[in-house]
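Printed here is model_4.pdb (PDB, C-alpha atoms):
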ATOM      1  CA  MET N  12       6.816 -14.772   4.026
ATOM      2  CA  ARG N  13       4.404 -13.355   1.447
ATOM      3  CA  VAL N  14       2.046 -10.728   2.836
ATOM      4  CA  ILE N  15      -0.607  -8.464   1.306
ATOM      5  CA  MET N  16      -1.651  -5.234   3.008
ATOM      6  CA  LEU N  17      -5.300  -4.191   2.552
ATOM      7  CA  GLY N  18      -7.017  -1.136   3.961
ATOM      8  CA  PRO N  19      -8.558   2.207   3.027
ATOM      9  CA  PRO N  20      -6.479   5.303   2.242
ATOM     10  CA  GLY N  21      -5.026   6.718   5.441
ATOM     11  CA  ALA N  22      -5.065   3.428   7.360
ATOM     12  CA  GLY N  23      -1.273   3.393   7.639
ATOM     13  CA  LYS N  24      -0.571   0.457   5.349
ATOM     14  CA  GLY N  25       2.547   2.011   3.853
ATOM     15  CA  THR N  26       4.140   2.756   7.224
ATOM     16  CA  GLN N  27       3.394  -0.696   8.600
ATOM     17  CA  ALA N  28       4.416  -2.414   5.372
ATOM     18  CA  ALA N  29       7.836  -0.755   5.526
ATOM     19  CA  ARG N  30       8.300  -1.774   9.176
ATOM     20  CA  LEU N  31       7.218  -5.356   8.589
ATOM     21  CA  ALA N  32       9.417  -5.627   5.494
ATOM     22  CA  GLU N  33      12.432  -4.517   7.516
ATOM     23  CA  HIS N  34      11.547  -6.945  10.331
ATOM     24  CA  LEU N  35      11.248  -9.880   7.910
ATOM     25  CA  SER N  36      14.114  -8.780   5.614
ATOM     26  CA  VAL N  37      11.893  -8.868   2.528
ATOM     27  CA  PRO N  38      11.082  -6.047   0.080
ATOM     28  CA  HIS N  39       8.183  -3.646   0.580
ATOM     29  CA  ILE N  40       6.536  -3.539  -2.839
ATOM     30  CA  SER N  41       4.169  -0.630  -3.464
ATOM     31  CA  THR N  42       2.297  -0.820  -6.750
ATOM     32  CA  GLY N  43       1.994   2.963  -6.804
ATOM     33  CA  ASN N  44       5.776   3.253  -6.630
ATOM     34  CA  ILE N  45       6.204   0.565  -9.296
ATOM     35  CA  LEU N  46       3.922   2.463 -11.658
ATOM     36  CA  ARG N  47       5.668   5.803 -11.043
ATOM     37  CA  ARG N  48       9.109   4.279 -11.645
ATOM     38  CA  HIS N  49       8.058   2.638 -14.893
ATOM     39  CA  VAL N  50       6.624   5.955 -16.090
ATOM     40  CA  GLU N  51       9.654   7.996 -14.967
ATOM     41  CA  GLU N  52      12.129   5.538 -16.528
ATOM     42  CA  ARG N  53      10.025   5.301 -19.705
ATOM     43  CA  THR N  54      10.108   1.523 -19.789
ATOM     44  CA  PRO N  55       7.861  -0.192 -22.368
ATOM     45  CA  LEU N  56       5.328  -0.881 -19.602
ATOM     46  CA  GLY N  57       5.636   2.694 -18.354
ATOM     47  CA  GLN N  58       5.058   4.154 -21.803
ATOM     48  CA  ARG N  59       1.920   2.060 -22.240
ATOM     49  CA  ALA N  60       0.667   3.179 -18.840
ATOM     50  CA  GLN N  61       1.422   6.815 -19.639
ATOM     51  CA  GLU N  62      -0.844   6.667 -22.678
ATOM     52  CA  PHE N  63      -3.823   5.791 -20.490
ATOM     53  CA  MET N  64      -2.867   8.366 -17.866
ATOM     54  CA  ASN N  65      -2.528  11.110 -20.470
ATOM     55  CA  ALA N  66      -6.019  10.265 -21.697
ATOM     56  CA  GLY N  67      -7.391  10.576 -18.164
ATOM     57  CA  LYS N  68      -8.074   6.854 -17.950
ATOM     58  CA  LEU N  69      -7.212   4.290 -15.302
ATOM     59  CA  VAL N  70      -4.283   2.021 -16.064
ATOM     60  CA  PRO N  71      -5.867  -1.324 -17.077
ATOM     61  CA  ASP N  72      -5.698  -4.297 -14.737
ATOM     62  CA  GLU N  73      -3.672  -6.352 -17.194
ATOM     63  CA  LEU N  74      -0.937  -3.727 -17.343
ATOM     64  CA  VAL N  75      -0.756  -3.366 -13.555
ATOM     65  CA  ILE N  76      -0.684  -7.158 -13.190
ATOM     66  CA  GLU N  77       2.190  -7.350 -15.661
ATOM     67  CA  MET N  78       4.148  -4.764 -13.648
ATOM     68  CA  VAL N  79       3.553  -6.665 -10.408
ATOM     69  CA  GLU N  80       4.551  -9.981 -11.967
ATOM     70  CA  ASP N  81       7.746  -8.389 -13.296
ATOM     71  CA  ARG N  82       8.582  -7.015  -9.822
ATOM     72  CA  LEU N  83       7.854 -10.278  -7.978
ATOM     73  CA  ALA N  84      10.170 -12.127 -10.367
ATOM     74  CA  GLN N  85      13.165 -10.098  -9.161
ATOM     75  CA  SER N  86      15.686 -11.868  -6.944
ATOM     76  CA  ASP N  87      15.014  -9.899  -3.747
ATOM     77  CA  ALA N  88      11.398 -11.121  -3.676
ATOM     78  CA  ARG N  89      12.246 -14.815  -3.744
ATOM     79  CA  ARG N  90      12.219 -15.106   0.056
ATOM     80  CA  GLY N  91       8.966 -13.181   0.325
ATOM     81  CA  PHE N  92       7.500  -9.686   0.064
ATOM     82  CA  ILE N  93       5.095  -7.169   1.558
ATOM     83  CA  LEU N  94       2.664  -6.156  -1.186
ATOM     84  CA  ASP N  95       1.011  -2.762  -0.685
ATOM     85  CA  GLY N  96      -1.677  -1.424  -3.040
ATOM     86  CA  PHE N  97      -2.324  -4.649  -4.914
ATOM     87  CA  PRO N  98      -4.624  -6.432  -5.453
ATOM     88  CA  ARG N  99      -7.503  -3.940  -5.493
ATOM     89  CA  THR N 100     -10.114  -6.182  -7.114
ATOM     90  CA  THR N 101     -10.992  -9.869  -7.134
ATOM     91  CA  HIS N 102      -9.847  -9.997 -10.764
ATOM     92  CA  GLN N 103      -6.398  -8.824  -9.690
ATOM     93  CA  ALA N 104      -6.447 -11.263  -6.748
ATOM     94  CA  GLU N 105      -7.201 -14.160  -9.060
ATOM     95  CA  ALA N 106      -4.337 -13.075 -11.322
ATOM     96  CA  LEU N 107      -1.994 -12.868  -8.331
ATOM     97  CA  GLU N 108      -2.925 -16.440  -7.368
ATOM     98  CA  ARG N 109      -1.562 -17.560 -10.726
ATOM     99  CA  ILE N 110       1.711 -15.728 -10.043
ATOM    100  CA  THR N 111       2.453 -16.615  -6.407
ATOM    101  CA  GLU N 112       1.073 -18.022  -3.201
ATOM    102  CA  VAL N 113       0.127 -15.682  -0.339
ATOM    103  CA  ASP N 114       0.635 -16.480   3.342
ATOM    104  CA  HIS N 115      -1.224 -13.606   5.021
ATOM    105  CA  VAL N 116      -3.585 -10.809   4.005
ATOM    106  CA  LEU N 117      -3.698  -8.073   6.654
ATOM    107  CA  ASN N 118      -6.875  -5.991   6.545
ATOM    108  CA  PHE N 119      -6.377  -2.642   8.326
ATOM    109  CA  PHE N 120      -9.567  -1.077   9.648
ATOM    110  CA  LEU N 121     -10.592   1.948  11.738
ATOM    111  CA  GLU N 122     -13.400   4.515  11.948
ATOM    112  CA  PRO N 123     -14.010   6.740   8.863
ATOM    113  CA  GLU N 124     -13.381  10.019  10.710
ATOM    114  CA  ALA N 125     -10.048   8.715  11.986
ATOM    115  CA  LEU N 126      -9.119   7.836   8.406
ATOM    116  CA  ILE N 127      -9.848  11.360   7.241
ATOM    117  CA  LYS N 128      -7.780  12.952  10.012
ATOM    118  CA  ARG N 129      -4.865  10.710   9.166
ATOM    119  CA  SER N 130      -4.895  11.526   5.481
ATOM    120  CA  VAL N 131      -5.113  15.309   5.768
ATOM    121  CA  GLY N 132      -2.134  15.250   8.134
ATOM    122  CA  ARG N 133       0.003  13.080   5.891
ATOM    123  CA  ARG N 134       3.166  14.432   4.282
ATOM    124  CA  VAL N 135       5.208  12.599   1.656
ATOM    125  CA  CYS N 136       8.793  12.883   0.463
ATOM    126  CA  PRO N 137       8.779  13.298  -3.336
ATOM    127  CA  LYS N 138      12.378  12.057  -3.567
ATOM    128  CA  CYS N 139      12.647   8.873  -1.448
ATOM    129  CA  GLU N 140       8.883   8.334  -0.934
ATOM    130  CA  ALA N 141       9.044   8.256   2.885
ATOM    131  CA  VAL N 142       5.691   8.965   4.568
ATOM    132  CA  TYR N 143       5.122  11.124   7.668
ATOM    133  CA  HIS N 144       2.206  12.502   9.655
ATOM    134  CA  ILE N 145       2.249  15.908  11.333
ATOM    135  CA  LEU N 146       0.767  14.448  14.540
ATOM    136  CA  SER N 147       1.533  10.749  14.847
ATOM    137  CA  ASN N 148       4.819  10.481  12.923
ATOM    138  CA  PRO N 149       6.320  13.941  12.337
ATOM    139  CA  PRO N 150       9.771  14.445  10.815
ATOM    140  CA  ARG N 151      12.526  15.637  13.141
ATOM    141  CA  ALA N 152      12.655  18.969  11.288
ATOM    142  CA  ALA N 153       9.369  20.510  10.144
ATOM    143  CA  ASP N 154       8.460  19.746   6.513
ATOM    144  CA  THR N 155      11.826  18.043   5.901
ATOM    145  CA  CYS N 156      12.464  14.361   5.200
ATOM    146  CA  ASP N 157      14.573  12.632   7.837
ATOM    147  CA  ARG N 158      16.116  10.304   5.272
ATOM    148  CA  CYS N 159      17.190  12.554   2.413
ATOM    149  CA  GLY N 160      16.477  16.139   3.489
ATOM    150  CA  ALA N 161      13.985  16.876   0.701
ATOM    151  CA  ALA N 162      11.013  19.174   1.336
ATOM    152  CA  LEU N 163       7.876  17.197   2.210
ATOM    153  CA  ILE N 164       4.666  17.735   0.271
ATOM    154  CA  LEU N 165       0.916  17.423   0.838
ATOM    155  CA  ARG N 166      -0.486  15.315  -1.975
ATOM    156  CA  LYS N 167      -3.480  16.691  -3.860
ATOM    157  CA  ASP N 168      -5.479  13.555  -3.061
ATOM    158  CA  ASP N 169      -5.061  14.060   0.706
ATOM    159  CA  THR N 170      -7.693  16.802   1.027
ATOM    160  CA  ARG N 171     -10.800  16.000   3.098
ATOM    161  CA  GLU N 172     -13.223  15.947   0.157
ATOM    162  CA  VAL N 173     -11.037  13.660  -1.918
ATOM    163  CA  VAL N 174     -10.364  11.325   1.027
ATOM    164  CA  GLU N 175     -14.091  10.986   1.844
ATOM    165  CA  GLU N 176     -14.805   9.943  -1.729
ATOM    166  CA  ARG N 177     -11.860   7.544  -1.775
ATOM    167  CA  VAL N 178     -13.058   5.866   1.429
ATOM    168  CA  ARG N 179     -16.553   5.378  -0.001
ATOM    169  CA  GLU N 180     -15.161   4.001  -3.237
ATOM    170  CA  PHE N 181     -12.726   1.743  -1.390
ATOM    171  CA  GLU N 182     -15.442   0.197   0.760
ATOM    172  CA  LYS N 183     -17.640  -0.503  -2.263
ATOM    173  CA  ARG N 184     -14.827  -2.005  -4.300
ATOM    174  CA  THR N 185     -13.013  -3.919  -1.572
ATOM    175  CA  THR N 186     -15.844  -5.766   0.197
ATOM    176  CA  PRO N 187     -15.741  -8.626  -2.359
ATOM    177  CA  LEU N 188     -11.934  -8.735  -2.145
ATOM    178  CA  ILE N 189     -12.005  -9.108   1.631
ATOM    179  CA  GLN N 190     -14.474 -11.979   1.302
ATOM    180  CA  PHE N 191     -12.240 -13.518  -1.388
ATOM    181  CA  TYR N 192      -9.360 -13.814   1.080
ATOM    182  CA  ARG N 193     -11.589 -14.732   4.006
ATOM    183  CA  ASP N 194     -12.798 -17.719   2.013
ATOM    184  CA  ARG N 195      -9.166 -18.751   1.537
ATOM    185  CA  HIS N 196      -8.492 -18.504   5.305
ATOM    186  CA  VAL N 197      -5.583 -16.070   4.963
ATOM    187  CA  LEU N 198      -7.355 -12.861   6.049
ATOM    188  CA  ARG N 199      -6.125 -11.270   9.330
ATOM    189  CA  GLU N 200      -7.915  -8.242  10.789
ATOM    190  CA  VAL N 201      -5.715  -5.472  12.232
ATOM    191  CA  TYR N 202      -7.196  -2.529  14.149
ATOM    192  CA  ALA N 203      -5.247   0.423  12.777
ATOM    193  CA  ASP N 204      -5.912   3.155  15.358
ATOM    194  CA  GLY N 205      -3.292   4.124  17.944
ATOM    195  CA  ILE N 206       0.388   4.945  17.862
ATOM    196  CA  ILE N 207       2.607   3.363  15.230
ATOM    197  CA  ASP N 208       4.400   0.996  17.632
ATOM    198  CA  GLU N 209       1.095  -0.337  18.972
ATOM    199  CA  ILE N 210      -0.179  -1.067  15.480
ATOM    200  CA  ALA N 211       3.133  -2.684  14.524
ATOM    201  CA  HIS N 212       2.748  -5.007  17.521
ATOM    202  CA  ARG N 213      -0.747  -5.978  16.323
ATOM    203  CA  VAL N 214       0.632  -6.648  12.845
ATOM    204  CA  LEU N 215       3.325  -8.988  14.173
ATOM    205  CA  ARG N 216       0.831 -10.724  16.437
ATOM    206  CA  ALA N 217      -1.573 -11.273  13.525
ATOM    207  CA  VAL N 218       1.173 -12.783  11.386
ATOM    208  CA  LYS N 219       2.775 -14.929  14.075
ATOM    209  CA  SER N 220      -0.505 -16.258  15.459
ATOM    210  CA  HIS N 221      -1.223 -17.901  12.104
ATOM    211  CA  GLU N 222       2.205 -19.312  11.309
TER     212      GLU N 222
END

This entry written out as structure tokens:
Amino acid sequence: MRVIMLGPPGAGKGTQAARLAEHLSVPHISTGNILRRHVEERTPLGQRAQEFMNAGKLVPDELVIEMVEDRLAQSDARRGFILDGFPRTTHQAEALERITEVDHVLNFFLEPEALIKRSVGRRVCPKCEAVYHILSNPPRAADTCDRCGAALILRKDDTREVVEERVREFEKRTTPLIQFYRDRHVLREVYADGIIDEIAHRVLRAVKSHE
């Protein structure tokens, strides 16, 4: 099964993507993680991306698309995937159509204030990239990753001011993308407020109801 996760920052896409990937036995593919790995490993793609990042510029669509295509060509993605963080624009969506078919696009939505509260409470493991929340999904030991024991961090882009701007920018940029997938009859709406297990149940229901 090939699934795309859409939703504003703080909607819980990463958490639900990881759960759904485990349930379906397919890889959870985060474009943010792909980009970081290419940069850290200094691959040819990563070095090209680093040049733009060093100049304070966004990594171009074509370079991100190339990274995604490279990842989807790997053997573990043949049975399907959960794609998180891509596409972000209709141009990227059109490029993805040329690479692979998509079965479901899950659009996570909730109220703006709830999004902000989620983001400022988020903590991330810098080593294994696990995501926690101090209220809804805390680690067993404070500020410590359950998986690898590394110290959790608050990302710089999880402050209230930054999140508010990201939500506004997301809504402006993503409205055409949502319509793009609605026109293709693969868009599934998922209300993203509540505890993690409740949302996971909604995710499974959205996917199974359209099989």

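Closest approach to Pro187 (chain N) among N:Gln61, N:Gln27, N:Thr100, N:Thr54: N:Thr100, based on only C-alpha atoms.
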
Proximity of region 31-88 of chain N to region 12-18 of chain N: per-residue shortest pair, 12 Å limit, all atoms listed in the file, as JSON lines:
{"residue": "N:Leu31", "atom": "CA", "partner": "N:Val14", "partner_atom": "CA", "distance": 9.4}
{"residue": "N:Ala32", "atom": "CA", "partner": "N:Val14", "partner_atom": "CA", "distance": 9.3}
{"residue": "N:His34", "atom": "CA", "partner": "N:Met12", "partner_atom": "CA", "distance": 11.1}
{"residue": "N:Leu35", "atom": "CA", "partner": "N:Met12", "partner_atom": "CA", "distance": 7.7}
{"residue": "N:Ser36", "atom": "CA", "partner": "N:Met12", "partner_atom": "CA", "distance": 9.6}
{"residue": "N:Val37", "atom": "CA", "partner": "N:Met12", "partner_atom": "CA", "distance": 7.9}
{"residue": "N:Pro38", "atom": "CA", "partner": "N:Arg13", "partner_atom": "CA", "distance": 10.0}
{"residue": "N:His39", "atom": "CA", "partner": "N:Val14", "partner_atom": "CA", "distance": 9.6}
{"residue": "N:Ile40", "atom": "CA", "partner": "N:Ile15", "partner_atom": "CA", "distance": 9.6}
{"residue": "N:Ser41", "atom": "CA", "partner": "N:Met16", "partner_atom": "CA", "distance": 9.8}
{"residue": "N:Thr42", "atom": "CA", "partner": "N:Met16", "partner_atom": "CA", "distance": 11.4}
{"residue": "N:Leu83", "atom": "CA", "partner": "N:Arg13", "partner_atom": "CA", "distance": 10.5}
{"residue": "N:Ala88", "atom": "CA", "partner": "N:Arg13", "partner_atom": "CA", "distance": 9.0}

Quick one: which region 164-207 of chain N residues come within 7 Å of region 118-138 of chain N, and what is the nearest atom pair for each with the distance in Å to one decimal, counting only C-alpha atoms, rows ordered by chain and ascending number, as a tab-separated table?
residue	atom	partner	partner_atom	distance
N:Ile164	CA	N:Val135	CA	5.3
N:Leu165	CA	N:Arg134	CA	5.1
N:Asp169	CA	N:Val131	CA	5.2
N:Thr170	CA	N:Val131	CA	5.6
N:Arg171	CA	N:Ile127	CA	6.3
N:Val174	CA	N:Ile127	CA	6.2
N:Glu175	CA	N:Ile127	CA	6.9
N:Leu198	CA	N:Asn118	CA	6.9
N:Arg199	CA	N:Asn118	CA	6.0
N:Glu200	CA	N:Asn118	CA	4.9
N:Val201	CA	N:Phe119	CA	4.9
N:Tyr202	CA	N:Phe120	CA	5.3
N:Ala203	CA	N:Phe119	CA	5.5
N:Asp204	CA	N:Leu121	CA	6.0

* Result set, the PyMOL selection byres ((chain N and resi 157) around 12) on current file, as a VMD selection string -> chain N and resid 135 to 136 138 to 143 148 to 156 158 to 163

* Asked: If you measure from CA of Pro71 (chain N) to CA of Arg59 (chain N), what distance in Å do you get, rounded to one decimal?
  -> 9.9 Å

Reference answer for the PyMOL selection byres ((chain N and resi 72) around 10), as a CSV table (one decimal) with C-alpha atoms, keeping the file's coordinate frame:
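Below you can see result22.csv, which holds the result:
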chain,number,residue,atom,x,y,z
N,69,LEU,CA,-7.2,4.3,-15.3
N,70,VAL,CA,-4.3,2.0,-16.1
N,71,PRO,CA,-5.9,-1.3,-17.1
N,73,GLU,CA,-3.7,-6.4,-17.2
N,74,LEU,CA,-0.9,-3.7,-17.3
N,75,VAL,CA,-0.8,-3.4,-13.6
N,76,ILE,CA,-0.7,-7.2,-13.2
N,77,GLU,CA,2.2,-7.4,-15.7
N,78,MET,CA,4.1,-4.8,-13.6
N,98,PRO,CA,-4.6,-6.4,-5.5
N,99,ARG,CA,-7.5,-3.9,-5.5
N,100,THR,CA,-10.1,-6.2,-7.1
N,102,HIS,CA,-9.8,-10.0,-10.8
N,103,GLN,CA,-6.4,-8.8,-9.7
N,106,ALA,CA,-4.3,-13.1,-11.3

* Quote the spacing between CA of Leu46 (chain N) and CA of His115 (chain N) in Å to one decimal place. =>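 A separation of 23.7 Å between them.
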
* **Straight-line distance linking CA of Gly43 (chain N) with CA of Arg213 (chain N), stated in Å to one decimal** =>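 Atom-to-atom, CA of Gly43 (chain N) and CA of Arg213 (chain N) are spaced 24.9 Å apart.
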
Give me region 103-114 of chain N from this structure - N, CA and C atoms, as a PDB file, in the first residue's frame.
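Dumped to decode-v5.pdb:
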ATOM      1  N   GLN N 103       5.590  19.017  -7.169  1.00  0.00           N
ATOM      2  CA  GLN N 103       6.158  17.784  -6.627  1.00  0.00           C
ATOM      3  C   GLN N 103       5.183  16.621  -6.778  1.00  0.00           C
ATOM      4  N   ALA N 104       3.885  16.883  -6.600  1.00  0.00           N
ATOM      5  CA  ALA N 104       2.876  15.830  -6.741  1.00  0.00           C
ATOM      6  C   ALA N 104       2.835  15.303  -8.167  1.00  0.00           C
ATOM      7  N   GLU N 105       2.938  16.190  -9.124  1.00  0.00           N
ATOM      8  CA  GLU N 105       2.951  15.769 -10.522  1.00  0.00           C
ATOM      9  C   GLU N 105       4.196  14.927 -10.819  1.00  0.00           C
ATOM     10  N   ALA N 106       5.330  15.317 -10.236  1.00  0.00           N
ATOM     11  CA  ALA N 106       6.554  14.543 -10.411  1.00  0.00           C
ATOM     12  C   ALA N 106       6.409  13.161  -9.785  1.00  0.00           C
ATOM     13  N   LEU N 107       5.791  13.103  -8.611  1.00  0.00           N
ATOM     14  CA  LEU N 107       5.596  11.819  -7.932  1.00  0.00           C
ATOM     15  C   LEU N 107       4.710  10.894  -8.757  1.00  0.00           C
ATOM     16  N   GLU N 108       3.715  11.453  -9.441  1.00  0.00           N
ATOM     17  CA  GLU N 108       2.849  10.642 -10.301  1.00  0.00           C
ATOM     18  C   GLU N 108       3.651   9.940 -11.392  1.00  0.00           C
ATOM     19  N   ARG N 109       4.714  10.558 -11.839  1.00  0.00           N
ATOM     20  CA  ARG N 109       5.547   9.951 -12.876  1.00  0.00           C
ATOM     21  C   ARG N 109       6.443   8.856 -12.312  1.00  0.00           C
ATOM     22  N   ILE N 110       6.613   8.862 -10.979  1.00  0.00           N
ATOM     23  CA  ILE N 110       7.489   7.882 -10.330  1.00  0.00           C
ATOM     24  C   ILE N 110       6.704   6.663  -9.862  1.00  0.00           C
ATOM     25  N   THR N 111       5.526   6.891  -9.270  1.00  0.00           N
ATOM     26  CA  THR N 111       4.767   5.794  -8.659  1.00  0.00           C
ATOM     27  C   THR N 111       3.296   6.151  -8.555  1.00  0.00           C
ATOM     28  N   GLU N 112       2.471   5.145  -8.422  1.00  0.00           N
ATOM     29  CA  GLU N 112       1.068   5.358  -8.119  1.00  0.00           C
ATOM     30  C   GLU N 112       0.907   5.573  -6.624  1.00  0.00           C
ATOM     31  N   VAL N 113      -0.211   6.176  -6.227  1.00  0.00           N
ATOM     32  CA  VAL N 113      -0.517   6.418  -4.813  1.00  0.00           C
ATOM     33  C   VAL N 113      -1.923   5.892  -4.529  1.00  0.00           C
ATOM     34  N   ASP N 114      -2.056   5.135  -3.442  1.00  0.00           N
ATOM     35  CA  ASP N 114      -3.352   4.555  -3.100  1.00  0.00           C
ATOM     36  C   ASP N 114      -4.196   5.480  -2.230  1.00  0.00           C
TER      37      ASP N 114
END
